[in-house]
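One file, protein-v5.cif, is given below (mmCIF, C-alpha atoms).
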```
data_target
loop_
_atom_site.group_PDB
_atom_site.id
_atom_site.type_symbol
_atom_site.label_atom_id
_atom_site.label_comp_id
_atom_site.auth_asym_id
_atom_site.auth_seq_id
_atom_site.Cartn_x
_atom_site.Cartn_y
_atom_site.Cartn_z
ATOM 1 C CA MET A 10 231.424 152.685 96.176
ATOM 2 C CA GLY A 11 233.478 150.422 98.425
ATOM 3 C CA ASN A 12 231.336 147.289 98.400
ATOM 4 C CA THR A 13 234.157 145.233 99.856
ATOM 5 C CA ALA A 14 234.563 147.697 102.717
ATOM 6 C CA VAL A 15 230.784 147.740 103.331
ATOM 7 C CA TRP A 16 230.755 143.931 103.356
ATOM 8 C CA LYS A 17 233.526 143.922 105.972
ATOM 9 C CA VAL A 18 231.638 146.365 108.219
ATOM 10 C CA LEU A 19 228.461 144.272 107.934
ATOM 11 C CA GLU A 20 230.461 141.178 108.842
ATOM 12 C CA GLN A 21 231.867 142.997 111.908
ATOM 13 C CA MET A 22 228.372 144.107 112.834
ATOM 14 C CA ILE A 23 227.098 140.528 112.710
ATOM 15 C CA THR A 24 230.022 139.423 114.878
ATOM 16 C CA ASP A 25 229.112 142.123 117.386
ATOM 17 C CA PHE A 26 225.475 140.972 117.352
ATOM 18 C CA HIS A 27 226.554 137.386 118.047
ATOM 19 C CA GLN A 28 228.738 138.543 120.944
ATOM 20 C CA LYS A 29 225.729 140.358 122.393
ATOM 21 C CA GLY A 30 223.582 137.211 122.055
ATOM 22 C CA ILE A 31 221.454 138.466 119.175
ATOM 23 C CA SER A 32 220.680 135.736 116.656
ATOM 24 C CA ILE A 33 220.843 136.336 112.926
ATOM 25 C CA PRO A 34 218.452 134.458 110.598
ATOM 26 C CA ASP A 35 219.965 132.033 108.111
ATOM 27 C CA GLN A 36 218.646 134.059 105.165
ATOM 28 C CA VAL A 37 220.588 137.137 106.295
ATOM 29 C CA MET A 38 223.757 135.044 106.623
ATOM 30 C CA ASN A 39 223.114 133.541 103.177
ATOM 31 C CA ASP A 40 222.735 137.041 101.704
ATOM 32 C CA LEU A 41 226.053 138.066 103.271
ATOM 33 C CA LYS A 42 227.742 134.950 101.818
ATOM 34 C CA SER A 43 226.138 135.590 98.430
ATOM 35 C CA ALA A 44 227.457 139.152 98.474
ATOM 36 C CA LYS A 45 230.953 137.826 99.173
ATOM 37 C CA THR A 46 230.684 135.305 96.344
ATOM 38 C CA SER A 47 229.430 138.019 93.999
ATOM 39 C CA LEU A 48 232.375 140.213 94.993
ATOM 40 C CA LYS A 49 234.707 137.369 93.977
ATOM 41 C CA ILE A 50 232.866 137.001 90.658
ATOM 42 C CA LEU A 51 233.249 140.750 90.164
ATOM 43 C CA ASN A 52 236.995 140.139 90.328
ATOM 44 C CA ALA A 53 236.717 137.885 87.273
ATOM 45 C CA ASP A 54 234.270 140.106 85.379
ATOM 46 C CA PRO A 55 234.472 143.714 86.652
ATOM 47 C CA LYS A 56 232.168 145.156 83.992
ATOM 48 C CA ASN A 57 229.198 142.904 84.766
ATOM 49 C CA GLU A 58 226.404 145.365 85.627
ATOM 50 C CA GLU A 59 224.053 142.580 86.737
ATOM 51 C CA ASN A 60 226.590 141.366 89.268
ATOM 52 C CA LEU A 61 227.062 144.899 90.652
ATOM 53 C CA ARG A 62 223.286 145.226 91.045
ATOM 54 C CA ARG A 63 223.134 141.876 92.826
ATOM 55 C CA ILE A 64 225.922 142.862 95.238
ATOM 56 C CA ASP A 65 224.087 146.076 96.132
ATOM 57 C CA GLU A 66 220.864 144.119 96.607
ATOM 58 C CA TYR A 67 222.457 141.586 98.979
ATOM 59 C CA LEU A 68 224.276 144.238 100.996
ATOM 60 C CA THR A 69 221.129 146.374 101.267
ATOM 61 C CA LYS A 70 219.079 143.435 102.562
ATOM 62 C CA VAL A 71 221.701 142.567 105.191
ATOM 63 C CA GLU A 72 222.097 146.198 106.255
ATOM 64 C CA SER A 73 218.329 146.734 106.500
ATOM 65 C CA PHE A 74 217.886 143.746 108.777
ATOM 66 C CA LEU A 75 220.841 144.638 110.985
ATOM 67 C CA VAL A 76 219.810 148.276 111.379
ATOM 68 C CA SER A 77 216.235 147.334 112.254
ATOM 69 C CA LYS A 78 217.223 144.548 114.656
ATOM 70 C CA GLY A 79 219.992 146.620 116.246
ATOM 71 C CA GLN A 80 217.742 149.593 116.822
ATOM 72 C CA ASP A 81 215.124 147.375 118.467
ATOM 73 C CA SER A 82 217.701 145.567 120.608
ATOM 74 C CA MET A 83 220.294 148.202 121.478
ATOM 75 C CA GLY A 84 218.899 151.608 120.607
ATOM 76 C CA THR A 85 219.429 154.435 118.192
ATOM 77 C CA GLU A 86 222.828 155.559 119.478
ATOM 78 C CA TYR A 87 224.309 152.102 118.922
ATOM 79 C CA ILE A 88 222.973 151.937 115.360
ATOM 80 C CA ASP A 89 224.062 155.491 114.570
ATOM 81 C CA ARG A 90 227.680 154.486 115.269
ATOM 82 C CA TRP A 91 227.376 151.515 112.889
ATOM 83 C CA LEU A 92 225.634 153.635 110.241
ATOM 84 C CA ALA A 93 228.519 156.120 110.393
ATOM 85 C CA ARG A 94 230.987 153.273 109.835
ATOM 86 C CA LEU A 95 228.887 151.928 106.955
ATOM 87 C CA HIS A 96 228.694 155.379 105.374
ATOM 88 C CA GLU A 97 232.443 155.808 105.682
ATOM 89 C CA ALA A 98 233.031 152.355 104.186
ATOM 90 C CA GLY A 99 230.665 153.105 101.306
ATOM 91 C CA MET A 100 232.655 156.229 100.458
ATOM 92 C CA GLU A 101 235.977 154.377 100.243
ATOM 93 C CA LYS A 102 237.471 153.977 96.820
ATOM 94 C CA LEU A 103 238.713 150.458 97.368
ATOM 95 C CA ASP A 104 239.492 148.072 94.602
ATOM 96 C CA GLU A 105 236.495 145.739 94.818
ATOM 97 C CA THR A 106 238.748 142.768 94.240
ATOM 98 C CA GLU A 107 241.280 143.621 96.945
ATOM 99 C CA GLU A 108 241.338 140.846 99.470
ATOM 100 C CA GLY A 109 244.815 140.970 100.905
ATOM 101 C CA PRO A 110 246.979 137.882 101.326
ATOM 102 C CA ARG A 111 245.451 134.905 103.053
ATOM 103 C CA PHE A 112 247.080 131.559 103.675
ATOM 104 C CA ILE A 113 245.200 128.422 102.730
ATOM 105 C CA MET A 114 246.630 125.077 103.727
ATOM 106 C CA GLY A 115 247.576 123.113 100.637
ATOM 107 C CA ALA A 116 247.685 126.055 98.241
ATOM 108 C CA PRO A 117 250.891 126.155 96.206
ATOM 109 C CA ARG A 118 252.872 129.384 96.482
ATOM 110 C CA GLN A 119 252.296 131.993 93.793
ATOM 111 C CA LYS A 120 249.016 130.376 92.752
ATOM 112 C CA LYS A 121 245.520 131.795 93.020
ATOM 113 C CA TRP A 122 242.700 129.870 94.617
ATOM 114 C CA ILE A 123 238.986 129.946 95.244
ATOM 115 C CA ARG A 124 236.803 128.042 97.675
ATOM 116 C CA ILE A 125 233.264 127.229 96.592
ATOM 117 C CA THR A 126 230.520 126.143 98.955
ATOM 118 C CA PRO A 127 227.655 124.936 96.755
ATOM 119 C CA THR A 128 224.113 124.681 98.028
ATOM 120 C CA ARG A 129 223.339 121.379 96.296
ATOM 121 C CA GLU A 130 225.303 118.194 95.559
ATOM 122 C CA PRO A 131 224.964 118.366 91.742
ATOM 123 C CA GLN A 132 226.641 121.781 91.812
ATOM 124 C CA ILE A 133 229.801 120.415 93.428
ATOM 125 C CA ALA A 134 230.012 117.593 90.893
ATOM 126 C CA SER A 135 229.609 120.063 88.052
ATOM 127 C CA ALA A 136 232.277 122.378 89.514
ATOM 128 C CA VAL A 137 234.675 119.429 89.958
ATOM 129 C CA GLU A 138 234.110 118.377 86.357
ATOM 130 C CA MET A 139 234.714 121.918 85.125
ATOM 131 C CA ALA A 140 237.914 122.261 87.210
ATOM 132 C CA ALA A 141 239.197 118.957 85.827
ATOM 133 C CA GLN A 142 238.424 119.988 82.230
ATOM 134 C CA MET A 143 240.294 123.260 82.781
ATOM 135 C CA LYS A 144 243.250 121.339 84.242
ATOM 136 C CA LEU A 145 243.066 123.149 87.583
ATOM 137 C CA VAL A 146 244.119 121.610 90.879
ATOM 138 C CA TYR A 147 241.050 120.888 93.006
ATOM 139 C CA GLU A 148 240.099 119.160 96.213
ATOM 140 C CA THR A 149 236.774 118.502 97.904
ATOM 141 C CA ARG A 150 237.035 119.470 101.561
ATOM 142 C CA LYS A 151 235.417 117.768 104.568
ATOM 143 C CA ASP A 152 233.029 120.713 105.037
ATOM 144 C CA GLY A 153 231.579 120.097 101.551
ATOM 145 C CA SER A 154 233.378 123.004 99.926
ATOM 146 C CA LEU A 155 235.525 122.755 96.832
ATOM 147 C CA PHE A 156 239.027 124.217 96.811
ATOM 148 C CA VAL A 157 240.274 125.111 93.309
ATOM 149 C CA CYS A 158 243.805 126.332 92.655
ATOM 150 C CA GLY A 159 245.664 127.507 89.548
ATOM 151 C CA ASP A 160 247.161 130.497 87.810
ATOM 152 C CA GLU A 161 245.289 133.794 87.966
ATOM 153 C CA GLN A 162 243.792 133.579 84.477
ATOM 154 C CA GLY A 163 242.744 129.958 85.017
ATOM 155 C CA ILE A 164 240.844 130.845 88.189
ATOM 156 C CA LYS A 165 239.210 133.858 86.508
ATOM 157 C CA ASP A 166 238.111 131.694 83.589
ATOM 158 C CA PHE A 167 236.823 129.034 85.994
ATOM 159 C CA VAL A 168 234.710 131.591 87.887
ATOM 160 C CA LYS A 169 233.377 133.113 84.644
ATOM 161 C CA ASN A 170 232.438 129.689 83.262
ATOM 162 C CA LEU A 171 230.818 128.614 86.515
ATOM 163 C CA ALA A 172 228.875 131.871 86.812
ATOM 164 C CA SER A 173 227.629 131.736 83.226
ATOM 165 C CA LYS A 174 226.640 128.068 83.564
ATOM 166 C CA TYR A 175 224.499 128.699 86.639
ATOM 167 C CA LYS A 176 223.115 131.916 85.218
ATOM 168 C CA SER A 177 221.877 130.029 82.138
ATOM 169 C CA GLN A 178 220.490 127.202 84.285
ATOM 170 C CA ALA A 179 218.626 129.716 86.457
ATOM 171 C CA ALA A 180 217.178 131.354 83.339
ATOM 172 C CA LYS A 181 215.982 127.961 82.045
ATOM 173 C CA TYR A 182 214.394 127.208 85.424
ATOM 174 C CA ARG A 183 212.625 130.603 85.548
ATOM 175 C CA LYS A 184 211.359 130.072 81.997
ATOM 176 C CA LYS A 185 210.101 126.601 82.910
ATOM 177 C CA VAL A 186 208.308 127.919 86.000
ATOM 178 C CA HIS A 187 206.692 130.794 84.073
ATOM 179 C CA ASN A 188 205.565 128.550 81.212
ATOM 180 C CA GLY A 189 204.239 125.976 83.639
#
```
Rewritten as structure tokens:
Amino acid sequence: MGNTAVWKVLEQMITDFHQKGISIPDQVMNDLKSAKTSLKILNADPKNEENLRRIDEYLTKVESFLVSKGQDSMGTEYIDRWLARLHEAGMEKLDETEEGPRFIMGAPRQKKWIRITPTREPQIASAVEMAAQMKLVYETRKDGSLFVCGDEQGIKDFVKNLASKYKSQAAKYRKKVHNG
């Protein structure tokens, strides 16, 4: 399934909603961003079944909201056109990691990069520390995001390490909550 293509269609759909004056809740936007982040993680670890499940979950939540809201606001015919595009995108056999070239100011040529937008301050500090330990080039941006640059394997390792660190922290938190 072409998750990247589906993500792009959902992003276009949201843009169309905004142009028509329809507001999108923050949670839906967060799910779309989380899907994008998970797609990038999939690039580093393509065999991670849990990540694939999470991507499908995020995309399904975003699609469900948009279809429901669009049908209420603009009718069945409008939504049927978007559903056809989503179906077509879902059938594409795209490489899930294919992004195409993008230019980022400050990124050295022939290097790979990733931008991280953490939800909490301790996460950015932890990511900075990890990037420094891995001897990657990094910079904290004005918008609060972290730009990390290095060779392809270095960025993949960085993403894997970051993902596993937060996965283990989330598991500890869930265990703590369940045990009271």
Write out as an NGL selection string which residues come within 12 Å of Gly79 of chain A when counting only C-alpha atoms, dropping same-chain ones fewer than 3 positions away.
:A and (22-23 or 25-27 or 29-33 or 71-76 or 82-92)
On this structure, which residues satisfy the PyMOL selection byres ((chain A and resi 139-147) around 10), written as a PyMOL selection string?
chain A and resi 116-117+122-124+133-138+148-150+155-160+163-164+166-168+170-171
When the PyMOL selection byres ((chain A and resi 46-49) around 12) is applied to the file above, which residues end up in the set, as a ChimeraX atom specification?
/A:11-17,39-45,50-55,57-68,104-108,122-127,164-165,167-169,171-172
Test item: axis-aligned box, all listed atoms of segment 50-55 of chain A, 4 Å on each side, centre and edges in Å rounded to one decimal, as lines of an AutoDock Vina configuration file:
```
center_x = 234.9
center_y = 140.4
center_z = 88.0
size_x = 12.1
size_y = 14.7
size_z = 13.3
```
